[in-house]
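Just below is one structure, and these are the notes that go with it.
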Amino acid sequence: MPVRHVGEVSAEDPAPTWNRSRLRAANERLLLDRLRAGGAASRAQLARETGLSKPTVSSALAALAESGLVREAGTRAPERGRTAVLYVADPTAGHVLGVDVGRGWLRVALADLDGTVVERADVRNRARSSGALVDLIAATCREAVAGSGVGDAAVVHAVLGTPGVYDAERRRVRFANHLPGWGRAGLIDGLRAQLGGVPLDVHNDANLAALGEYTFGVGAGSRLFAYIMIGTGLGMGVVSEGRLFTGARGGAGEIGFLPWPGRQKPDTLEDAVSGVAVVEAARRFGMTGQLSAKIVFDAARAGTPAARKAVGLEAERVAYTIAAAAAVLDPDLVVLGGGVGQGLDLVLEPVQETLRTLTPLRPRIAASALGEDAVVLGAVATALGPARDVVFSRRGGG
């Protein structure tokens with residue numbers, strides 16, 4: 001009698017058809033996940049690592065290859081024995097869209113199932129209304145797909161990052177104060193319709209940036225880290241053991257709403273720390289002309305006294321922000337993103353000095369490795385799991 005392995009099926013198995021199908025699917029998914037996680041492998045190697053028999057592995061690989069989920073990737077010649085064919089998960093079996101909606105820029109990335117970006121489309125956000133913004137997002141997504149040549153049907157999932165908090169029950173965005181009208185009912189439904197039925201998830205931009213840094217940037221391997229995004233507004237994403245912490249209603253990390261000490265302006269932490277606050281401080285200290293946070297930071301590097309004072313004030317306030325996050329979360333790492341994150345060379349030392357006077361909790365501080373791409377790459381990373389599930393469920397027409 002042939003040896004049977006746990007979890008295997010054969011054509012002679014007396015179990016009901018639906019059970020045999022589920023077991024075959026489980027074997028195929030086990031092998032597919034192993035190939036995605038560990039790279040190219042031979043049938044013999046897969047059998048050793050999964051505990052499945054070689055015939056079961058061969059049958060599952062054949063089914064996966066027929067469905068376009070696995071392909072051959074060369075051969076390996078061992079010191080002894082026959083040359084082995086290597087198999088890999090085919091990353092082109094599906095594609096995802098990652099979208100970052102900001103007040104100044106709209107960024108779209110099209111990626112394969114390995115998370116490799118195959119096309120980008122970044123445009124200025126010049127939309128004058130929320131309806132126009134929906135049209136711009138849909139048009140930019142279509143531009144990215146058309147530029148890639150993969151075809152509309154290849155896109156199986158999309159994730160959009162936005163300021164504020166997405167209310168999934170009401171299907172609308174709340175607290176996106178820097179995008180007027182963006183919380184209007186029906187906008188997200190309208191965008192889904194324009195995307196032609198591609199499943200669309202919506203998440204807070206700082207949360208996606210945190211996941212982007214965990215997947216592709218400096219957060220990799222961190223047990224618990226906080227990504228603090230300081231740009232037009234202020235937000236924070238928290239990743240613990242590789243999982244995003246969003247709170248009971250998705251509002252965790254909305255630190256911009258924290259009250260600022262005192263009863264005069266600034267009223268909230270966002271008023272005190274955002275890029276707008278940097279510009280306002282620079283004007284108070286004597287800078288004139290058209291200003292942005294980037295211009296102020298560049299002027300500080302060049303030694304302009306007013307700019308250096310504004311950046312110094314920003315560093316103190318960033319230290320207060322980190323101290324608050326450290327007291328609640330005790331992170332091993334704080335990543336600074338947005339405009340201030342790109343100016344870490346100017347603020348790191350004064351932030352650390354101020355932090356020493358505020359709290360005994362002093363996490364490591366680092367600049368975002370992904371810069372302005374943190375949100376869009378976080379959206380890509382978030383879309384991969386659902387997309388892989390979709391392409392697997394479609395195999396063999398199922």
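Just remember, in the structure tokens the first chain shown is A, the second B, etc., residues are 1-based per chain, and ligands are 1-based in the order shown.
Residue neighbourhood of stretch 243-252 of chain A, excluding near-sequence residues (fewer than 6 positions): Gly164, Val165, Tyr166, Asp167, His203, Asn204, Asn207, Leu208, Ala210, Leu211, Met236 and Gly237 of chain A, at 9 Å, using only C-alpha atoms.
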Task: Surrounding residues of stretch 93-100 of chain A excluding itself and chain neighbours under 4 positions, 8 Å, only C-alpha atoms, as a ChimeraX atom specification - done: /A:68-69,106-113,141,154-162,205,375-380,383-384,387-388,391
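Put simply, atom CA of A:Ala324 is 23.2 Å away from atom CA of A:Lys309.
Here atom CA of A:Val101 is placed at a distance of 26.6 Å from atom CA of A:Val311.
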Open item on the list: Need the shell around A:Arg395: protein/DNA/RNA residues with any atom at most 9 Å away, counting only C-alpha atoms. Skip same-chain ones fewer than 5 positions apart. Format as a ChimeraX atom specification?
Closed with: /A:63-64,66-69,390
Expected file contents, prior selection, N, CA and C atoms, as a PDB file, in the first residue's frame:
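Final output, saved to again37.pdb:
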```
ATOM      1  N   ALA A  63      -0.901  22.085 -11.906  1.00  0.00           N
ATOM      2  CA  ALA A  63      -2.152  22.845 -11.877  1.00  0.00           C
ATOM      3  C   ALA A  63      -1.884  24.338 -11.763  1.00  0.00           C
ATOM      4  N   LEU A  64      -0.931  24.700 -10.944  1.00  0.00           N
ATOM      5  CA  LEU A  64      -0.591  26.119 -10.776  1.00  0.00           C
ATOM      6  C   LEU A  64      -0.003  26.701 -12.062  1.00  0.00           C
ATOM      7  N   GLU A  66      -0.621  25.640 -15.121  1.00  0.00           N
ATOM      8  CA  GLU A  66      -1.702  25.746 -16.101  1.00  0.00           C
ATOM      9  C   GLU A  66      -2.550  26.983 -15.842  1.00  0.00           C
ATOM     10  N   SER A  67      -2.672  27.385 -14.564  1.00  0.00           N
ATOM     11  CA  SER A  67      -3.453  28.571 -14.207  1.00  0.00           C
ATOM     12  C   SER A  67      -2.662  29.867 -14.350  1.00  0.00           C
ATOM     13  N   GLY A  68      -1.384  29.761 -14.703  1.00  0.00           N
ATOM     14  CA  GLY A  68      -0.561  30.962 -14.876  1.00  0.00           C
ATOM     15  C   GLY A  68      -0.015  31.536 -13.581  1.00  0.00           C
ATOM     16  N   LEU A  69      -0.071  30.769 -12.504  1.00  0.00           N
ATOM     17  CA  LEU A  69       0.411  31.278 -11.214  1.00  0.00           C
ATOM     18  C   LEU A  69       1.853  30.895 -10.939  1.00  0.00           C
ATOM     19  N   VAL A 390      -7.223  36.859  -4.688  1.00  0.00           N
ATOM     20  CA  VAL A 390      -8.115  36.906  -5.849  1.00  0.00           C
ATOM     21  C   VAL A 390      -7.580  36.040  -6.980  1.00  0.00           C
TER      22      VAL A 390
END
```
Task: Secondary structure check, helix (DSSP H, G or I) residues of stretch 127-196 of chain A, as an MDAnalysis selection string - done: chainID A and resid 130:148 152:154 187:194
For stretch 30-38 of chain A, please output as a PDB file with C-alpha atoms, in the first residue's frame all residues within 10 Å (counting only C-alpha atoms; exclusion window: fewer than 5 positions along the same chain).
```
ATOM      1  CA  ARG A  24      -5.964  20.077  -3.499  1.00  0.00           C
ATOM      2  CA  ALA A  25      -6.452  23.818  -3.145  1.00  0.00           C
ATOM      3  CA  ARG A  43      10.035  19.782  -6.825  1.00  0.00           C
ATOM      4  CA  LEU A  46       9.429  21.763  -2.147  1.00  0.00           C
ATOM      5  CA  ALA A  47       8.562  18.229  -1.073  1.00  0.00           C
ATOM      6  CA  GLU A  49      10.185  21.746   2.938  1.00  0.00           C
ATOM      7  CA  THR A  50       6.397  21.212   2.903  1.00  0.00           C
ATOM      8  CA  LEU A  52       4.132  16.722   0.743  1.00  0.00           C
ATOM      9  CA  VAL A  57       3.999  18.429  -5.466  1.00  0.00           C
ATOM     10  CA  ALA A  60      -0.011  20.804  -7.676  1.00  0.00           C
ATOM     11  CA  LEU A  61       2.744  22.565  -9.632  1.00  0.00           C
ATOM     12  CA  LEU A  64      -0.591  26.119 -10.776  1.00  0.00           C
ATOM     13  CA  LEU A  69       0.411  31.278 -11.214  1.00  0.00           C
ATOM     14  CA  VAL A  70       3.711  29.385 -11.415  1.00  0.00           C
ATOM     15  CA  TYR A  87       9.808  26.868 -10.264  1.00  0.00           C
ATOM     16  CA  VAL A  88       8.829  30.383  -9.203  1.00  0.00           C
ATOM     17  CA  ALA A  89       5.558  32.147  -8.508  1.00  0.00           C
ATOM     18  CA  ASP A  90       4.718  34.223 -11.571  1.00  0.00           C
ATOM     19  CA  PRO A  91       4.425  37.851 -10.401  1.00  0.00           C
ATOM     20  CA  LEU A 113       2.310  40.469  -7.249  1.00  0.00           C
ATOM     21  CA  ASP A 114       5.902  40.654  -5.978  1.00  0.00           C
ATOM     22  CA  ARG A 388      -2.952  37.245  -4.278  1.00  0.00           C
ATOM     23  CA  PHE A 392      -5.598  32.161  -6.548  1.00  0.00           C
TER      24      PHE A 392
END
```
